[in-house]
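protein.cif (mmCIF, C-alpha atoms and all ligand atoms) appears below.
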```cif
data_protein
loop_
_atom_site.group_PDB
_atom_site.id
_atom_site.type_symbol
_atom_site.label_atom_id
_atom_site.label_comp_id
_atom_site.auth_asym_id
_atom_site.auth_seq_id
_atom_site.Cartn_x
_atom_site.Cartn_y
_atom_site.Cartn_z
ATOM 1 C CA MET A 1 96.912 82.763 111.422
ATOM 2 C CA ASN A 2 95.771 86.306 110.744
ATOM 3 C CA LYS A 3 96.325 87.388 107.193
ATOM 4 C CA ALA A 4 96.002 90.570 105.170
ATOM 5 C CA LEU A 5 95.801 91.421 101.512
ATOM 6 C CA ILE A 6 98.099 94.164 100.267
ATOM 7 C CA ASN A 7 96.658 95.449 97.018
ATOM 8 C CA ILE A 8 99.450 97.430 95.354
ATOM 9 C CA ASP A 9 99.148 100.218 92.769
ATOM 10 C CA TYR A 10 96.367 98.782 90.643
ATOM 11 C CA THR A 11 95.572 102.237 89.285
ATOM 12 C CA PHE A 12 94.738 103.846 85.965
ATOM 13 C CA ASP A 13 98.272 105.135 85.437
ATOM 14 C CA PHE A 14 99.783 101.692 85.887
ATOM 15 C CA ALA A 15 97.171 99.607 84.064
ATOM 16 C CA ALA A 16 95.186 101.619 81.494
ATOM 17 C CA VAL A 17 96.121 101.785 77.810
ATOM 18 C CA ASP A 18 96.755 105.505 78.209
ATOM 19 C CA GLY A 19 98.110 105.369 81.767
ATOM 20 C CA ARG A 20 101.284 107.372 82.401
ATOM 21 C CA LEU A 21 103.425 104.385 83.427
ATOM 22 C CA SER A 22 101.339 101.546 82.118
ATOM 23 C CA CYS A 23 102.021 97.818 82.140
ATOM 24 C CA GLY A 24 99.627 97.775 79.177
ATOM 25 C CA GLU A 25 97.792 94.607 78.293
ATOM 26 C CA LYS A 26 99.674 92.610 80.912
ATOM 27 C CA GLY A 27 98.286 94.949 83.543
ATOM 28 C CA GLN A 28 94.753 94.744 82.184
ATOM 29 C CA LEU A 29 94.756 90.954 82.010
ATOM 30 C CA ILE A 30 94.949 90.618 85.796
ATOM 31 C CA GLU A 31 91.924 92.844 86.478
ATOM 32 C CA ARG A 32 89.444 90.042 87.168
ATOM 33 C CA GLU A 33 91.817 88.167 89.426
ATOM 34 C CA VAL A 34 92.788 91.264 91.403
ATOM 35 C CA SER A 35 89.144 92.216 91.904
ATOM 36 C CA ALA A 36 87.983 88.683 92.758
ATOM 37 C CA ILE A 37 90.760 88.125 95.291
ATOM 38 C CA THR A 38 90.113 91.513 96.862
ATOM 39 C CA GLU A 39 86.382 90.855 97.081
ATOM 40 C CA ARG A 40 87.051 87.516 98.773
ATOM 41 C CA PHE A 41 89.346 89.025 101.398
ATOM 42 C CA ILE A 42 86.788 91.726 102.159
ATOM 43 C CA GLN A 43 83.926 89.230 102.415
ATOM 44 C CA ASN A 44 86.030 87.077 104.771
ATOM 45 C CA GLY A 45 86.560 90.082 107.033
ATOM 46 C CA ASP A 46 90.326 89.960 106.471
ATOM 47 C CA PHE A 47 92.295 93.192 106.630
ATOM 48 C CA THR A 48 92.539 94.586 103.092
ATOM 49 C CA VAL A 49 95.023 97.333 102.300
ATOM 50 C CA PHE A 50 95.066 99.466 99.174
ATOM 51 C CA ALA A 51 98.673 100.691 99.036
ATOM 52 C CA ILE A 52 98.670 103.369 96.375
ATOM 53 C CA ASP A 53 101.477 105.520 95.011
ATOM 54 C CA VAL A 54 101.045 109.259 95.376
ATOM 55 C CA HIS A 55 103.430 111.769 93.848
ATOM 56 C CA GLU A 56 103.612 115.554 93.723
ATOM 57 C CA LEU A 57 104.130 117.061 90.278
ATOM 58 C CA ASN A 58 107.168 119.174 91.094
ATOM 59 C CA ASN A 59 108.953 117.318 93.827
ATOM 60 C CA HIS A 60 112.589 117.769 92.840
ATOM 61 C CA TYR A 61 113.797 115.628 95.691
ATOM 62 C CA HIS A 62 111.973 112.444 94.787
ATOM 63 C CA PRO A 63 114.273 109.674 93.515
ATOM 64 C CA GLU A 64 111.742 108.413 90.947
ATOM 65 C CA ARG A 65 111.879 111.760 89.193
ATOM 66 C CA ALA A 66 115.023 110.691 87.343
ATOM 67 C CA LEU A 67 113.686 107.225 86.560
ATOM 68 C CA PHE A 68 110.070 107.411 85.435
ATOM 69 C CA PRO A 69 107.621 109.843 83.818
ATOM 70 C CA PRO A 70 105.239 111.571 86.259
ATOM 71 C CA HIS A 71 102.562 109.131 87.443
ATOM 72 C CA ASN A 72 99.914 108.772 90.140
ATOM 73 C CA ILE A 73 99.990 112.517 90.709
ATOM 74 C CA ARG A 74 97.936 113.614 93.714
ATOM 75 C CA ASN A 75 94.320 114.450 92.794
ATOM 76 C CA SER A 76 94.751 113.235 89.216
ATOM 77 C CA ALA A 77 92.521 110.627 87.572
ATOM 78 C CA GLY A 78 95.640 108.536 87.086
ATOM 79 C CA ARG A 79 95.466 107.591 90.763
ATOM 80 C CA ASN A 80 91.997 106.089 90.467
ATOM 81 C CA LEU A 81 91.820 102.362 91.072
ATOM 82 C CA PHE A 82 91.591 100.619 87.704
ATOM 83 C CA GLY A 83 88.504 98.976 86.226
ATOM 84 C CA SER A 84 86.322 96.801 88.431
ATOM 85 C CA LEU A 85 88.663 97.168 91.400
ATOM 86 C CA ARG A 86 87.420 100.726 91.778
ATOM 87 C CA GLU A 87 83.870 99.444 92.195
ATOM 88 C CA VAL A 88 84.975 96.818 94.707
ATOM 89 C CA TYR A 89 86.646 99.537 96.750
ATOM 90 C CA GLU A 90 83.775 102.035 96.469
ATOM 91 C CA ARG A 91 81.223 99.424 97.534
ATOM 92 C CA ASN A 92 83.214 98.434 100.603
ATOM 93 C CA LYS A 93 85.217 101.477 101.635
ATOM 94 C CA GLN A 94 83.240 102.030 104.842
ATOM 95 C CA SER A 95 84.284 98.613 106.125
ATOM 96 C CA PRO A 96 86.550 98.731 109.188
ATOM 97 C CA HIS A 97 88.663 96.032 107.525
ATOM 98 C CA ILE A 98 89.664 98.252 104.605
ATOM 99 C CA TYR A 99 92.625 100.577 104.791
ATOM 100 C CA TYR A 100 93.550 102.954 101.971
ATOM 101 C CA LEU A 101 97.196 103.848 102.278
ATOM 102 C CA ASP A 102 99.098 106.565 100.418
ATOM 103 C CA LYS A 103 102.683 105.557 99.762
ATOM 104 C CA THR A 104 105.448 107.613 98.151
ATOM 105 C CA ARG A 105 108.030 104.901 97.560
ATOM 106 C CA TYR A 106 107.970 101.445 95.978
ATOM 107 C CA SER A 107 107.476 99.605 99.251
ATOM 108 C CA ALA A 108 104.142 99.932 101.046
ATOM 109 C CA PHE A 109 106.159 99.974 104.290
ATOM 110 C CA ALA A 110 108.403 102.925 103.388
ATOM 111 C CA GLY A 111 107.368 106.003 105.364
ATOM 112 C CA THR A 112 103.894 104.617 106.191
ATOM 113 C CA ASP A 113 102.152 103.206 109.260
ATOM 114 C CA LEU A 114 101.427 99.889 107.536
ATOM 115 C CA GLU A 115 103.512 97.847 109.964
ATOM 116 C CA LEU A 116 101.660 99.327 112.965
ATOM 117 C CA LYS A 117 98.299 98.528 111.387
ATOM 118 C CA LEU A 118 99.344 94.935 110.753
ATOM 119 C CA ARG A 119 100.971 94.349 114.160
ATOM 120 C CA GLU A 120 98.008 95.720 116.132
ATOM 121 C CA ARG A 121 95.789 93.197 114.349
ATOM 122 C CA GLY A 122 98.172 90.324 115.004
ATOM 123 C CA ILE A 123 98.661 89.798 111.277
ATOM 124 C CA THR A 124 101.608 87.590 110.347
ATOM 125 C CA GLU A 125 100.824 86.585 106.771
ATOM 126 C CA LEU A 126 100.694 88.985 103.820
ATOM 127 C CA HIS A 127 99.085 88.232 100.481
ATOM 128 C CA LEU A 128 100.212 90.411 97.588
ATOM 129 C CA VAL A 129 98.509 91.437 94.342
ATOM 130 C CA GLY A 130 98.960 94.354 91.945
ATOM 131 C CA LEU A 131 101.608 96.180 89.952
ATOM 132 C CA CYS A 132 104.417 95.948 89.166
ATOM 133 C CA THR A 133 105.733 92.509 90.059
ATOM 134 C CA ASP A 134 109.406 93.494 90.026
ATOM 135 C CA ILE A 135 109.084 97.006 91.467
ATOM 136 C CA CYS A 136 106.440 97.882 94.064
ATOM 137 C CA VAL A 137 105.297 94.318 94.724
ATOM 138 C CA LEU A 138 108.907 93.174 95.022
ATOM 139 C CA HIS A 139 110.006 95.981 97.332
ATOM 140 C CA THR A 140 106.975 95.476 99.554
ATOM 141 C CA ALA A 141 107.728 91.748 99.701
ATOM 142 C CA VAL A 142 111.379 92.337 100.602
ATOM 143 C CA ASP A 143 110.408 94.643 103.468
ATOM 144 C CA ALA A 144 107.764 92.155 104.625
ATOM 145 C CA TYR A 145 110.375 89.401 104.614
ATOM 146 C CA ASN A 146 112.834 91.468 106.641
ATOM 147 C CA LYS A 147 110.120 92.239 109.183
ATOM 148 C CA GLY A 148 109.307 88.555 109.619
ATOM 149 C CA PHE A 149 105.966 88.328 107.805
ATOM 150 C CA SER A 150 105.250 85.264 105.732
ATOM 151 C CA ILE A 151 104.325 86.055 102.150
ATOM 152 C CA ALA A 152 102.000 84.739 99.465
ATOM 153 C CA VAL A 153 101.988 86.124 95.915
ATOM 154 C CA TYR A 154 99.170 85.487 93.427
ATOM 155 C CA GLU A 155 100.852 84.649 90.154
ATOM 156 C CA ASP A 156 97.843 85.627 88.030
ATOM 157 C CA ALA A 157 97.216 88.879 89.903
ATOM 158 C CA VAL A 158 100.623 90.549 89.491
ATOM 159 C CA ALA A 159 102.215 91.872 86.291
ATOM 160 C CA SER A 160 104.963 94.112 84.983
ATOM 161 C CA PHE A 161 105.965 96.111 81.897
ATOM 162 C CA SER A 162 108.887 93.702 81.685
ATOM 163 C CA GLN A 163 108.226 89.981 81.265
ATOM 164 C CA GLN A 164 111.846 89.313 82.161
ATOM 165 C CA GLY A 165 111.502 91.382 85.334
ATOM 166 C CA HIS A 166 108.225 89.653 86.197
ATOM 167 C CA ASP A 167 109.727 86.193 85.774
ATOM 168 C CA TRP A 168 112.817 87.075 87.790
ATOM 169 C CA ALA A 169 110.744 88.527 90.638
ATOM 170 C CA MET A 170 108.438 85.485 90.760
ATOM 171 C CA GLU A 171 111.468 83.258 91.197
ATOM 172 C CA HIS A 172 112.929 85.600 93.801
ATOM 173 C CA PHE A 173 109.702 85.581 95.859
ATOM 174 C CA LYS A 174 109.890 81.824 96.013
ATOM 175 C CA ALA A 175 113.616 81.124 96.230
ATOM 176 C CA ALA A 176 114.854 84.051 98.337
ATOM 177 C CA LEU A 177 111.817 85.254 100.307
ATOM 178 C CA GLY A 178 110.227 81.867 100.934
ATOM 179 C CA ALA A 179 106.928 83.064 99.500
ATOM 180 C CA THR A 180 104.060 80.781 98.607
ATOM 181 C CA ILE A 181 103.098 81.260 94.961
ATOM 182 C CA ILE A 182 99.351 80.905 94.477
ATOM 183 C CA LYS A 183 97.825 80.202 91.082
ATOM 184 C CA GLY A 184 94.409 81.585 90.286
ATOM 185 C CA LYS A 185 92.322 82.850 93.180
ATOM 186 C CA GLY A 186 93.644 80.126 95.456
ATOM 187 C CA VAL A 187 91.721 78.815 98.421
ATOM 188 C CA CYS A 188 93.148 80.018 101.689
HETATM 189 ZN ZN ZN B 1 105.862 105.906 91.845
#
```
Just give me the structure as structure tokens.
Ligand code: ZN
Amino acid sequence: MNKALINIDYTFDFAAVDGRLSCGEKGQLIEREVSAITERFIQNGDFTVFAIDVHELNNHYHPERALFPPHNIRNSAGRNLFGSLREVYERNKQSPHIYYLDKTRYSAFAGTDLELKLRERGITELHLVGLCTDICVLHTAVDAYNKGFSIAVYEDAVASFSQQGHDWAMEHFKAALGATIIKGKGVC
């Protein structure tokens, strides 16, 4: 079965102490797992997607404008991949298996060509890591479910500002989306 890793929003703004919409320590604690899992997918030659929020500073039409402070603004340092993940990406970005994807909504599928990229590679199984468990990871998982992909979520490589939201989403992945929950780096 062809599988892909969808690495979601592990950026400075979402993970750093002084990020604009930071998950704080919870976001920083998953750094090693996120990087190790990503490195493994790349080394295996599996399709590895970096699905990264991009926002314009004065977009009055964007629905998140009323919900969150400005974050992941185009060309800002806040959009940089966080910590060691940035090095993993920089070292491997020429690989044909890596796809850096700008997204403007929670779901990596919303308004992007992600589905085309996955279908043309015959990929049927999506593995999810990143931030935040109950927002962008959740919405990407819901879309993946509706499109018929099977889903795996790495419990130690997702996090949220809200522990309650994180816990609820983890249960939802399993109970409502039929996702496999993988502890640690897993062996797949
Ligand atoms: Zn956003």
Near-ligand residues for ligand ZN 1 (chain B), threshold 9 Å, all atoms listed in the file, as a PyMOL selection string: chain A and resi 9+21+52-55+64-65+68+70-73+103-106+136
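Of the listed residues A:Ala77, A:Val34, A:Leu67, A:Ile123, the one whose atoms come nearest to Asp18 (chain A) is A:Ala77, with distances taken using only C-alpha atoms.
Using the PyMOL selection byres (((chain A and resi 26) around 10) and not hetatm) on this structure selects Ala15, Ser22, Cys23, Gly24, Glu25, Gly27, Gln28, Leu29, Ile30, Glu31, Leu131, Val158, Ala159, Ser160, Phe161, Ser162 and Gln163 of chain A.
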Could those selected residues go to a file with C-alpha atoms, as an mmCIF file, keeping the file's coordinate frame?
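This is the output file selection_14.cif:
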```cif
data_model
loop_
_atom_site.group_PDB
_atom_site.id
_atom_site.type_symbol
_atom_site.label_atom_id
_atom_site.label_comp_id
_atom_site.auth_asym_id
_atom_site.auth_seq_id
_atom_site.Cartn_x
_atom_site.Cartn_y
_atom_site.Cartn_z
ATOM 1 C CA ALA A 15 97.171 99.607 84.064
ATOM 2 C CA SER A 22 101.339 101.546 82.118
ATOM 3 C CA CYS A 23 102.021 97.818 82.140
ATOM 4 C CA GLY A 24 99.627 97.775 79.177
ATOM 5 C CA GLU A 25 97.792 94.607 78.293
ATOM 6 C CA GLY A 27 98.286 94.949 83.543
ATOM 7 C CA GLN A 28 94.753 94.744 82.184
ATOM 8 C CA LEU A 29 94.756 90.954 82.010
ATOM 9 C CA ILE A 30 94.949 90.618 85.796
ATOM 10 C CA GLU A 31 91.924 92.844 86.478
ATOM 11 C CA LEU A 131 101.608 96.180 89.952
ATOM 12 C CA VAL A 158 100.623 90.549 89.491
ATOM 13 C CA ALA A 159 102.215 91.872 86.291
ATOM 14 C CA SER A 160 104.963 94.112 84.983
ATOM 15 C CA PHE A 161 105.965 96.111 81.897
ATOM 16 C CA SER A 162 108.887 93.702 81.685
ATOM 17 C CA GLN A 163 108.226 89.981 81.265
#
```
Shell of 8 Å around region 91-93 of chain A, all atoms listed in the file, local chain residues under 4 positions omitted, as a count of residues only: 3
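If only C-alpha atoms are the atoms counted, then among A:Tyr89, A:Trp168, A:Phe173, A:Tyr100 the closest residue to Tyr154 (chain A) is A:Phe173.
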Best match for closeness to Ile151 (chain A) among A:Ile182, A:Val49, A:Val17, A:Ala66, counting all atoms listed in the file: A:Ile182
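Taking CA of Ala16 (chain A) and CA of Phe109 (chain A) as the two end points, the separation is 25.4 Å.
For the atom pair formed by CA of Phe12 (chain A) and CA of Gly83 (chain A), the distance is 7.9 Å, given to one decimal.
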The centre and edge lengths of an axis-aligned box containing all atoms of region 23-37 of chain A present in the file, extended by 8 Å on each side, are to be given in Å to one decimal, as lines of an AutoDock Vina configuration file.
```
center_x = 95.0
center_y = 93.0
center_z = 86.8
size_x = 30.0
size_y = 25.7
size_z = 33.0
```
Answer as a VMD selection string, residues within 12 Å of (99.7, 98.1, 106.3) using all atoms listed in the file: chain A and resid 3 to 8 47 to 52 97 to 103 107 to 128 140 143 to 144 149
Shell of 12 Å around Glu171 (chain A), only C-alpha atoms, local chain residues under 6 positions omitted, as a ChimeraX atom specification: /A:133-134,138,153,155,164-165,177-181
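With distances restricted to all atoms listed in the file, A:Gly130 is the closest residue to Thr38 (chain A) from A:Gly19, A:Pro69, A:Gly148, A:Gly130.
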Distance of CA of Arg74 (chain A) from CA of Asn58 (chain A), expressed in Å to one decimal place: 11.1 Å
Just say which residues the PyMOL selection byres (((chain A and resi 82) around 6) and not hetatm) picks in this file, as a PDB file with C-alpha atoms, in the coordinates of the input.
```pdb
ATOM      1  CA  TYR A  10      96.367  98.782  90.643  1.00  0.00           C
ATOM      2  CA  THR A  11      95.572 102.237  89.285  1.00  0.00           C
ATOM      3  CA  PHE A  12      94.738 103.846  85.965  1.00  0.00           C
ATOM      4  CA  LEU A  81      91.820 102.362  91.072  1.00  0.00           C
ATOM      5  CA  GLY A  83      88.504  98.976  86.226  1.00  0.00           C
ATOM      6  CA  LEU A  85      88.663  97.168  91.400  1.00  0.00           C
ATOM      7  CA  ARG A  86      87.420 100.726  91.778  1.00  0.00           C
TER       8      ARG A  86
END
```
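Between Val88 (chain A) and the residues A:Asn75, A:Asn59, A:Asn146, A:Gln43, the shortest atom-to-atom distance, using all atoms listed in the file, involves A:Gln43.
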